[in-house]
$ cat protein.txt   # compact mmCIF, C-alpha atoms
# COMPACT_ATOMS: atom_id res chain seq x y z
CA MET X 1285 86.98 67.58 122.47
CA PRO X 1286 83.48 69.09 122.76
CA ARG X 1287 82.68 71.60 120.01
CA PRO X 1288 80.81 74.82 120.93
CA VAL X 1289 77.44 75.25 119.24
CA ASN X 1290 76.88 78.78 117.98
CA ASN X 1291 73.11 78.45 117.61
CA PRO X 1292 71.98 75.59 119.86
CA PRO X 1293 68.32 74.58 119.93
CA ASN X 1294 66.29 76.42 122.53
CA PRO X 1295 64.30 73.99 124.70
CA TRP X 1296 62.07 76.79 126.00
CA SER X 1297 60.71 77.47 122.51
CA SER X 1298 60.38 73.83 121.48
CA THR X 1299 57.28 71.73 121.10
CA GLN X 1300 58.00 70.26 124.53
CA VAL X 1301 57.90 73.59 126.36
CA GLU X 1302 54.72 72.54 128.17
CA TYR X 1303 56.85 70.21 130.29
CA LEU X 1304 59.37 72.92 131.22
CA GLU X 1305 59.23 75.88 133.54
CA GLU X 1306 60.57 79.37 132.83
CA ALA X 1307 64.03 79.74 131.33
CA PRO X 1308 66.71 80.32 133.98
CA PRO X 1309 68.31 83.78 134.18
CA ALA X 1310 71.72 82.35 133.28
CA THR X 1311 73.76 82.19 130.10
CA LEU X 1312 73.74 78.64 128.75
CA GLN X 1313 76.62 77.43 126.60
CA VAL X 1314 76.07 74.24 124.63
CA PHE X 1315 78.83 72.00 123.32
CA GLU X 1316 78.40 68.93 121.14
CA GLU X 1317 80.71 65.94 120.99
CA GLN X 1318 80.92 62.66 119.15
CA ALA X 1319 81.40 60.27 122.05
CA ARG X 1320 83.52 57.14 121.63
CA SER X 1321 81.35 55.00 123.90
CA ILE X 1322 78.09 55.46 125.79
CA ILE X 1323 77.59 52.57 128.24
CA THR X 1324 79.65 53.18 131.37
CA SER X 1325 80.56 50.34 133.70
CA ASN X 1326 81.45 50.73 137.37
CA ASP X 1327 82.41 48.32 140.12
CA SER X 1328 81.86 50.75 142.99
CA PRO X 1329 80.39 49.28 146.20
CA ASP X 1330 78.74 52.69 146.70
CA LEU X 1331 76.41 52.23 143.73
CA PRO X 1332 73.59 49.69 143.38
CA PHE X 1333 73.99 49.36 139.60
CA ARG X 1334 76.80 48.43 137.22
CA PHE X 1335 75.88 49.95 133.85
CA SER X 1336 74.71 53.48 133.10
CA VAL X 1337 74.15 55.88 130.20
CA ASN X 1338 74.57 59.65 130.43
CA PRO X 1339 73.71 61.52 127.22
CA TYR X 1340 74.85 64.85 128.72
CA ARG X 1341 77.76 66.26 130.74
CA GLY X 1342 76.96 69.03 133.19
CA CYS X 1343 73.44 69.93 134.32
CA ILE X 1344 71.54 73.19 134.23
CA HIS X 1345 69.44 72.14 137.23
CA ALA X 1346 72.32 73.68 139.22
CA CYS X 1347 71.73 71.62 142.39
CA ALA X 1348 74.15 72.98 145.01
CA TYR X 1349 74.87 69.50 146.37
CA CYS X 1350 75.42 67.57 143.11
CA TYR X 1351 78.24 65.08 143.62
CA ALA X 1352 78.83 64.95 139.84
CA ARG X 1353 80.24 68.48 139.74
CA PRO X 1354 83.92 67.39 139.86
CA SER X 1355 83.46 65.43 136.61
CA HIS X 1356 83.50 68.74 134.72
CA GLN X 1357 87.11 69.24 135.71
CA TYR X 1358 88.10 66.46 133.32
CA LEU X 1359 87.08 68.87 130.55
CA GLY X 1360 89.24 71.66 131.95
CA TRP X 1361 86.24 73.50 133.41
CA GLY X 1362 85.14 74.26 136.96
CA ALA X 1363 82.83 72.42 139.33
CA GLY X 1364 80.83 75.59 140.09
CA THR X 1365 78.94 77.65 137.53
CA ASP X 1366 80.75 75.94 134.64
CA PHE X 1367 78.98 72.71 135.60
CA ASP X 1368 75.62 74.52 135.54
CA ARG X 1369 76.07 76.52 132.35
CA LYS X 1370 78.46 74.65 130.05
CA ILE X 1371 76.51 71.60 128.96
CA VAL X 1372 78.02 68.97 126.69
CA VAL X 1373 75.67 67.01 124.45
CA LYS X 1374 76.72 63.54 123.31
CA ALA X 1375 75.10 63.96 119.91
CA ASN X 1376 75.66 60.36 118.80
CA ALA X 1377 74.42 58.71 122.00
CA PRO X 1378 71.49 56.74 120.47
CA GLU X 1379 73.59 55.42 117.58
CA LEU X 1380 76.37 54.39 119.94
CA LEU X 1381 73.90 52.65 122.24
CA GLU X 1382 72.46 50.62 119.37
CA LYS X 1383 75.97 49.62 118.33
CA GLU X 1384 76.97 48.59 121.85
CA LEU X 1385 73.77 46.62 122.47
CA SER X 1386 74.35 44.81 119.17
CA HIS X 1387 77.78 43.63 120.30
CA LYS X 1388 77.76 39.90 120.96
CA GLY X 1389 79.31 40.44 124.39
CA TRP X 1390 76.35 42.43 125.71
CA GLN X 1391 74.07 40.26 127.85
CA GLY X 1392 71.09 42.56 128.44
CA ASP X 1393 71.93 43.90 131.90
CA THR X 1394 69.86 46.75 133.31
CA ILE X 1395 71.01 50.17 132.11
CA VAL X 1396 70.50 53.09 134.47
CA PHE X 1397 69.96 56.54 133.01
CA SER X 1398 71.21 59.52 135.04
CA GLY X 1399 73.95 57.69 136.84
CA ASN X 1400 75.83 60.99 136.80
CA VAL X 1401 73.80 63.99 135.54
CA ASP X 1402 70.09 64.32 134.82
CA CYS X 1403 69.01 62.81 131.50
CA TYR X 1404 65.81 64.91 131.53
CA GLN X 1405 67.36 68.32 131.99
CA PRO X 1406 65.82 71.02 129.73
CA LEU X 1407 68.08 70.45 126.68
CA GLU X 1408 66.52 66.99 126.36
CA ALA X 1409 63.35 68.75 125.13
CA SER X 1410 65.26 69.78 122.01
CA TYR X 1411 67.83 67.03 121.51
CA GLU X 1412 65.64 64.04 122.54
CA LEU X 1413 68.74 61.92 123.15
CA THR X 1414 67.27 60.17 126.19
CA ARG X 1415 64.05 59.43 124.32
CA ARG X 1416 65.92 58.00 121.36
CA CYS X 1417 68.10 55.90 123.67
CA LEU X 1418 64.98 54.53 125.33
CA GLU X 1419 63.60 53.65 121.88
CA VAL X 1420 66.80 51.68 121.25
CA CYS X 1421 66.35 49.88 124.58
CA LEU X 1422 62.77 49.04 123.61
CA ALA X 1423 63.89 47.59 120.26
CA PHE X 1424 66.32 45.34 122.16
CA ARG X 1425 63.94 44.81 125.09
CA ASN X 1426 66.76 45.86 127.38
CA PRO X 1427 65.71 46.67 130.98
CA VAL X 1428 66.23 50.24 132.19
CA GLY X 1429 66.22 52.13 135.44
CA LEU X 1430 65.86 55.91 135.49
CA ILE X 1431 66.40 58.61 138.11
CA THR X 1432 65.42 62.21 137.38
CA LYS X 1433 64.32 65.55 138.78
CA GLY X 1434 62.91 66.57 135.40
CA ALA X 1435 59.15 66.70 134.89
CA LEU X 1436 60.01 66.41 131.20
CA VAL X 1437 59.93 62.65 131.77
CA ARG X 1438 56.14 62.96 131.36
CA ARG X 1439 56.71 63.42 127.63
CA ASP X 1440 57.92 59.81 127.43
CA VAL X 1441 55.24 58.18 129.57
CA ALA X 1442 53.90 56.06 126.70
CA LEU X 1443 57.38 54.92 125.69
CA LEU X 1444 58.34 54.01 129.26
CA GLY X 1445 55.03 52.20 129.67
CA GLU X 1446 55.82 50.09 126.61
CA LEU X 1447 59.29 49.38 127.99
CA ALA X 1448 57.77 48.31 131.29
CA ARG X 1449 55.49 45.87 129.46
CA ARG X 1450 58.02 44.40 127.01
CA ALA X 1451 61.14 44.45 129.16
CA ARG X 1452 61.51 46.12 132.54
CA ALA X 1453 61.49 49.82 133.33
CA ARG X 1454 61.44 51.57 136.67
CA VAL X 1455 61.51 55.32 137.25
CA HIS X 1456 62.58 57.00 140.48
CA LEU X 1457 61.76 60.66 140.85
CA SER X 1458 64.35 62.44 142.96
CA ILE X 1459 62.35 64.66 145.35
CA PRO X 1460 64.31 65.60 148.48
CA PHE X 1461 62.24 68.65 149.48
CA ALA X 1462 58.50 68.85 150.18
CA ASP X 1463 58.26 72.62 149.80
CA ASP X 1464 58.70 74.11 146.32
CA ALA X 1465 60.21 77.32 147.71
CA VAL X 1466 62.83 75.49 149.77
CA ALA X 1467 63.69 73.23 146.84
CA ARG X 1468 64.15 76.22 144.55
CA LYS X 1469 66.88 77.57 146.81
CA MET X 1470 69.02 74.42 146.66
CA GLU X 1471 68.13 73.11 143.18
CA PRO X 1472 67.11 76.35 141.45
CA TYR X 1473 66.42 75.20 137.90
CA ALA X 1474 65.06 71.71 138.49
CA SER X 1475 61.33 71.09 138.10
CA ARG X 1476 59.25 72.03 141.12
CA SER X 1477 58.69 69.21 143.57
CA SER X 1478 54.94 69.39 142.94
CA LEU X 1479 55.48 68.84 139.21
CA ARG X 1480 57.68 65.84 139.90
CA PHE X 1481 54.87 64.24 141.89
CA GLU X 1482 52.53 64.89 138.95
CA ALA X 1483 55.00 63.13 136.66
CA MET X 1484 55.14 60.22 139.10
CA ARG X 1485 51.36 59.93 139.00
CA ALA X 1486 51.32 59.95 135.18
CA LEU X 1487 53.98 57.24 135.02
CA SER X 1488 52.24 55.10 137.62
CA ASP X 1489 48.94 55.38 135.76
CA ALA X 1490 50.71 54.21 132.59
CA GLY X 1491 51.88 51.03 134.33
CA VAL X 1492 55.46 52.11 134.96
CA PRO X 1493 56.76 51.02 138.39
CA THR X 1494 57.78 54.20 140.19
CA GLY X 1495 59.63 55.17 143.32
CA ILE X 1496 60.96 58.19 145.14
CA SER X 1497 64.51 59.08 146.07
CA LEU X 1498 64.74 61.39 149.08
CA SER X 1499 68.41 61.92 148.34
CA PRO X 1500 70.36 63.76 149.41
CA MET X 1501 69.22 63.69 153.02
CA ILE X 1502 70.51 66.87 154.70
CA PRO X 1503 70.09 66.91 158.49
CA GLY X 1504 68.47 70.11 159.66
CA LEU X 1505 67.19 70.97 156.22
CA ASN X 1506 64.99 68.19 154.84
CA ASP X 1507 64.96 65.32 157.35
CA SER X 1508 61.66 66.61 158.75
CA ASP X 1509 60.14 66.29 155.25
CA VAL X 1510 60.46 62.49 155.25
CA PRO X 1511 56.88 61.60 156.34
CA GLU X 1512 55.23 64.07 153.93
CA LEU X 1513 57.41 63.09 150.97
CA LEU X 1514 56.76 59.39 151.46
CA GLU X 1515 53.03 59.92 151.82
CA ARG X 1516 52.79 62.08 148.71
CA ALA X 1517 54.83 59.49 146.81
CA ARG X 1518 52.50 56.68 147.90
CA ASP X 1519 49.50 58.78 146.83
CA ALA X 1520 51.17 59.29 143.43
CA GLY X 1521 51.50 55.53 142.94
CA ALA X 1522 55.07 54.94 144.10
CA GLN X 1523 55.94 51.44 145.23
CA THR X 1524 59.48 52.01 146.47
CA ALA X 1525 61.62 54.61 148.20
CA PHE X 1526 65.23 55.11 149.15
CA MET X 1527 67.50 57.82 150.51
CA MET X 1528 71.20 58.53 150.79
CA PRO X 1529 73.01 61.06 152.97
CA LEU X 1530 74.47 64.22 151.52
CA ARG X 1531 77.87 63.71 149.94
CA LEU X 1532 80.21 66.72 149.67
CA PRO X 1533 83.41 66.02 147.74
CA ARG X 1534 86.12 68.66 148.09
CA GLU X 1535 85.03 70.62 144.99
CA VAL X 1536 81.33 70.48 145.90
CA LEU X 1537 81.62 71.65 149.51
CA PRO X 1538 82.26 75.35 148.75
CA VAL X 1539 79.39 75.43 146.24
CA PHE X 1540 77.01 73.90 148.77
CA ASP X 1541 78.29 76.00 151.65
CA GLU X 1542 77.91 79.27 149.77
CA ARG X 1543 74.37 78.42 148.66
CA LEU X 1544 73.42 77.25 152.16
CA GLU X 1545 74.67 80.46 153.77
CA GLU X 1546 72.90 82.62 151.21
CA ALA X 1547 69.59 80.74 151.23
CA PHE X 1548 69.31 79.74 154.91
CA PRO X 1549 71.60 82.00 156.99
CA ASP X 1550 69.65 81.27 160.18
CA ARG X 1551 69.91 77.48 159.73
CA ALA X 1552 73.36 77.13 158.14
CA GLY X 1553 75.18 76.39 161.39
CA LYS X 1554 72.59 73.80 162.44
CA VAL X 1555 72.82 72.08 159.06
CA ARG X 1556 76.63 71.92 159.19
CA ARG X 1557 76.53 70.40 162.67
CA GLY X 1558 73.95 67.85 161.52
CA ILE X 1559 76.17 66.82 158.59
CA GLN X 1560 79.15 66.44 160.89
CA GLU X 1561 77.11 64.32 163.31
CA MET X 1562 76.39 61.76 160.59
CA ARG X 1563 79.93 61.91 159.16
CA GLY X 1564 82.00 61.29 162.28
CA GLY X 1565 82.81 64.95 162.80
CA LYS X 1566 83.66 65.58 159.13
CA MET X 1567 81.76 67.33 156.35
CA ASN X 1568 82.36 64.43 153.96
CA GLU X 1569 83.27 60.75 153.91
CA ALA X 1570 85.52 59.88 150.97
CA ALA X 1571 86.28 56.25 151.85
CA PHE X 1572 85.44 53.83 149.07
CA GLY X 1573 82.30 51.95 150.05
CA ALA X 1574 81.21 54.48 152.69
CA ARG X 1575 80.59 57.59 150.61
CA PHE X 1576 76.81 57.15 150.59
CA GLN X 1577 76.55 55.70 154.09
CA GLY X 1578 75.69 57.75 157.16
CA ALA X 1579 76.80 56.96 160.71
CA GLY X 1580 76.02 57.86 164.30
CA PRO X 1581 72.81 58.44 166.29
CA ARG X 1582 71.59 61.30 164.08
CA TRP X 1583 71.66 59.18 160.94
CA ALA X 1584 70.16 56.21 162.79
CA ALA X 1585 67.22 58.39 163.86
CA ILE X 1586 66.63 59.53 160.28
CA GLN X 1587 66.79 55.96 159.05
CA ARG X 1588 64.30 54.85 161.67
CA LEU X 1589 61.91 57.65 160.71
CA PHE X 1590 62.19 56.59 157.07
CA GLU X 1591 61.65 52.91 157.81
CA VAL X 1592 58.65 53.47 160.09
CA HIS X 1593 56.82 55.55 157.49
CA CYS X 1594 57.71 53.22 154.62
CA GLN X 1595 56.20 50.39 156.64
CA ARG X 1596 53.12 52.45 157.48
CA LEU X 1597 52.56 53.34 153.82
CA GLY X 1598 53.37 49.94 152.32
CA LEU X 1599 56.48 51.07 150.46
CA ASN X 1600 59.37 48.68 149.73
CA VAL X 1601 57.20 45.71 150.60
CA SER X 1602 59.01 43.35 148.22
CA ARG X 1603 62.14 45.28 147.22
CA GLY X 1604 64.15 45.88 150.36
CA SER X 1605 65.66 49.37 150.28
CA GLY X 1606 63.98 50.34 147.02
CA GLU X 1607 67.23 51.36 145.31
CA VAL X 1608 67.76 50.75 141.61
CA ARG X 1609 68.94 47.14 141.39
CA GLU X 1610 70.04 44.89 138.56
CA GLY X 1611 69.10 41.38 137.57
CA GLU X 1612 65.49 41.28 138.74
CA GLY X 1613 63.71 38.44 137.00
CA GLU X 1614 64.35 36.54 133.79
CA SER X 1615 66.17 38.35 131.00
CA THR X 1616 63.96 39.93 128.32
CA PHE X 1617 66.89 41.01 126.12
CA ARG X 1618 67.03 40.01 122.48
CA ARG X 1619 68.58 41.56 119.39
CA PRO X 1620 66.17 42.72 116.69
CA SER X 1621 66.07 40.54 113.59
CA ARG X 1622 67.43 41.75 110.28
CA GLN X 1623 63.85 42.03 108.97
CA GLY X 1624 63.11 44.87 111.40
CA THR X 1625 60.99 45.48 114.43
CA LEU X 1626 57.67 44.45 112.82
CA PHE X 1627 58.83 40.84 113.04
CA ASP X 1628 60.01 41.23 116.63
CA LEU X 1629 56.73 42.19 118.31
$ encode --input "protein.txt" --output "structure tokens"
Amino acid sequence: MPRPVNNPPNPWSSTQVEYLEEAPPATLQVFEEQARSIITSNDSPDLPFRFSVNPYRGCIHACAYCYARPSHQYLGWGAGTDFDRKIVVKANAPELLEKELSHKGWQGDTIVFSGNVDCYQPLEASYELTRRCLEVCLAFRNPVGLITKGALVRRDVALLGELARRARARVHLSIPFADDAVARKMEPYASRSSLRFEAMRALSDAGVPTGISLSPMIPGLNDSDVPELLERARDAGAQTAFMMPLRLPREVLPVFDERLEEAFPDRAGKVRRGIQEMRGGKMNEAAFGARFQGAGPRWAAIQRLFEVHCQRLGLNVSRGSGEVREGEGESTFRRPSRQGTLFDL
């Protein structure tokens, strides 16, 4: 079980504070655990990757729409404010990753970071678990994919650049809203959209292939942002883009609905109708294989808008949808020799 930390490190007073914004006006409880394993495997047809690593449970970004919220219920906590404020740190994540990559059964498949919650949320500034995991991946030359809303990723630009050169590394910045003020209402403690574009530019300049995720796409709230977001991403060096429709599992729907009504009371009804139009009259699609797929004329129009502007801007020229995919190119994986990394360069 996770153990509460009485005096957890404060990311807003760390040496990495330059990458963070102001501390949120919310009580943060930190719990540490010694995880038993760190690489998670899935066979879901909804996801474009098989293996992922999540050094944290819960996320202080507090995005109203986060589909990972129900995972906190496995710890006996709630999917609402507990998910935002009770963060579990897998303190042994880097050591576990090294052990699992050393296992003779591991074949060097791409590992995606943030398959569940954001690996660059503010606590990463203090714990550096994601950074240390990436260092392990570099030692093994194991390919990685990364999705984040955290501008803190800029801290690791040099490391990700080295990973891109020696193995494969691709970073997608999740930026669903063009306007910082609108974004703040739905994802209150994530980095501002403008800062995420700056991080994208820094990564691109360092030789890291970058892309943008416009997910979740919320009809009536951010579908009109598609052209601007794609253009800003192209200008920041992005090569790829993808989007997925909003997903609202049973425990997430009331969190989203309450935030929507509070933040956009004049648009809430329009947004709900738009969601239902792309979900066959429902607020959510729970069918395995269809959870991240939209349907109907409304979703088709959004897709067409996305595709037209991707084509105009030269995005996804050689990668289809631009989603994080496995098995691209010859394997770079190899286990470090007993003599150490100096002999493995």
$ residues_around --input "protein.txt" --residues "X:Ala1584" --least-positions-apart "6" --cutoff "12 Å" --atoms "all atoms listed in the file" --output "PDB file with C-alpha atoms, in the frame of the given file"
ATOM      1  CA  PRO X1503      70.090  66.910 158.490  1.00  0.00           C
ATOM      2  CA  ASP X1507      64.960  65.320 157.350  1.00  0.00           C
ATOM      3  CA  PRO X1529      73.010  61.060 152.970  1.00  0.00           C
ATOM      4  CA  GLU X1561      77.110  64.320 163.310  1.00  0.00           C
ATOM      5  CA  MET X1562      76.390  61.760 160.590  1.00  0.00           C
ATOM      6  CA  ARG X1563      79.930  61.910 159.160  1.00  0.00           C
ATOM      7  CA  GLN X1577      76.550  55.700 154.090  1.00  0.00           C
ATOM      8  CA  GLY X1578      75.690  57.750 157.160  1.00  0.00           C
ATOM      9  CA  PHE X1590      62.190  56.590 157.070  1.00  0.00           C
ATOM     10  CA  GLU X1591      61.650  52.910 157.810  1.00  0.00           C
TER      11      GLU X1591
END
$ residues_around --input "protein.txt" --residues "X:Val1314" --least-positions-apart "2" --cutoff "10 Å" --atoms "all atoms listed in the file" --output "NGL selection string"
:X and (1286-1293 or 1311-1312 or 1316 or 1369-1373 or 1407)
$ closest_residue --input "protein.txt" --among "X:Ser1478, X:Ala1409, X:Leu1599, X:Val1420" --to "X:Thr1494" --atoms "all atoms listed in the file"
X:Leu1599
$ closest_residue --input "protein.txt" --among "X:Trp1583, X:Tyr1411, X:Phe1315, X:Phe1397" --to "X:Thr1299" --atoms "all atoms listed in the file"
X:Tyr1411
$ residues_around --input "protein.txt" --residues "X:Pro1472" --least-positions-apart "6" --cutoff "8 Å" --atoms "all atoms listed in the file" --output "list in words"
His1345, Ala1346 and Cys1347 of chain X
$ residues_around --input "protein.txt" --residues "stretch 1554-1560 of chain X" --least-positions-apart "2" --cutoff "7 Å" --atoms "all atoms listed in the file" --output "MDAnalysis selection string"
chainID X and resid 1502:1505 1551:1552 1562:1567
$ write_last_selection --input "protein.txt" --atoms "C-alpha atoms" --output "PDB file, keeping the file's coordinate frame"
ATOM      1  CA  ILE X1502      70.510  66.870 154.700  1.00  0.00           C
ATOM      2  CA  PRO X1503      70.090  66.910 158.490  1.00  0.00           C
ATOM      3  CA  GLY X1504      68.470  70.110 159.660  1.00  0.00           C
ATOM      4  CA  LEU X1505      67.190  70.970 156.220  1.00  0.00           C
ATOM      5  CA  ARG X1551      69.910  77.480 159.730  1.00  0.00           C
ATOM      6  CA  ALA X1552      73.360  77.130 158.140  1.00  0.00           C
ATOM      7  CA  MET X1562      76.390  61.760 160.590  1.00  0.00           C
ATOM      8  CA  ARG X1563      79.930  61.910 159.160  1.00  0.00           C
ATOM      9  CA  GLY X1564      82.000  61.290 162.280  1.00  0.00           C
ATOM     10  CA  GLY X1565      82.810  64.950 162.800  1.00  0.00           C
ATOM     11  CA  LYS X1566      83.660  65.580 159.130  1.00  0.00           C
ATOM     12  CA  MET X1567      81.760  67.330 156.350  1.00  0.00           C
TER      13      MET X1567
END
$ residues_around --input "protein.txt" --residues "X:Tyr1351" --least-positions-apart "5" --cutoff "9 Å" --atoms "only C-alpha atoms" --output "list in words"
Asn1400, Leu1530, Arg1531, Leu1532, Pro1533, Glu1535 and Val1536 of chain X
$ atom_distance --input "protein.txt" --atom1 "atom CA of X:Arg1618" --atom2 "atom CA of X:Arg1452"
13.0 Å
$ atom_distance --input "protein.txt" --atom1 "atom CA of X:Glu1542" --atom2 "atom CA of X:Arg1353"
14.9 Å
$ closest_residue --input "protein.txt" --among "X:Glu1412, X:Arg1619, X:Tyr1473, X:Asp1519" --to "X:Phe1424" --atoms "only C-alpha atoms"
X:Arg1619
$ closest_residue --input "protein.txt" --among "X:Gly1553, X:Gly1598, X:Gly1429, X:Gly1364" --to "X:Val1492" --atoms "all atoms listed in the file"
X:Gly1429
$ atom_distance --input "protein.txt" --atom1 "atom CA of X:Met1528" --atom2 "atom CA of X:Ser1321"
29.0 Å
$ closest_residue --input "protein.txt" --among "X:Ala1520, X:Met1470, X:Leu1331, X:Leu1498" --to "X:Ile1586" --atoms "only C-alpha atoms"
X:Leu1498
$ closest_residue --input "protein.txt" --among "X:Thr1524, X:Ser1475, X:Ser1602, X:Gln1405" --to "X:Val1455" --atoms "all atoms listed in the file"
X:Thr1524
$ axis_aligned_box --input "protein.txt" --around "stretch 1567-1574 of chain X" --padding-each-side "3 Å" --output "JSON"
{"center_x": 83.7, "center_y": 59.6, "center_z": 152.7, "size_x": 11.1, "size_y": 21.4, "size_z": 13.3}
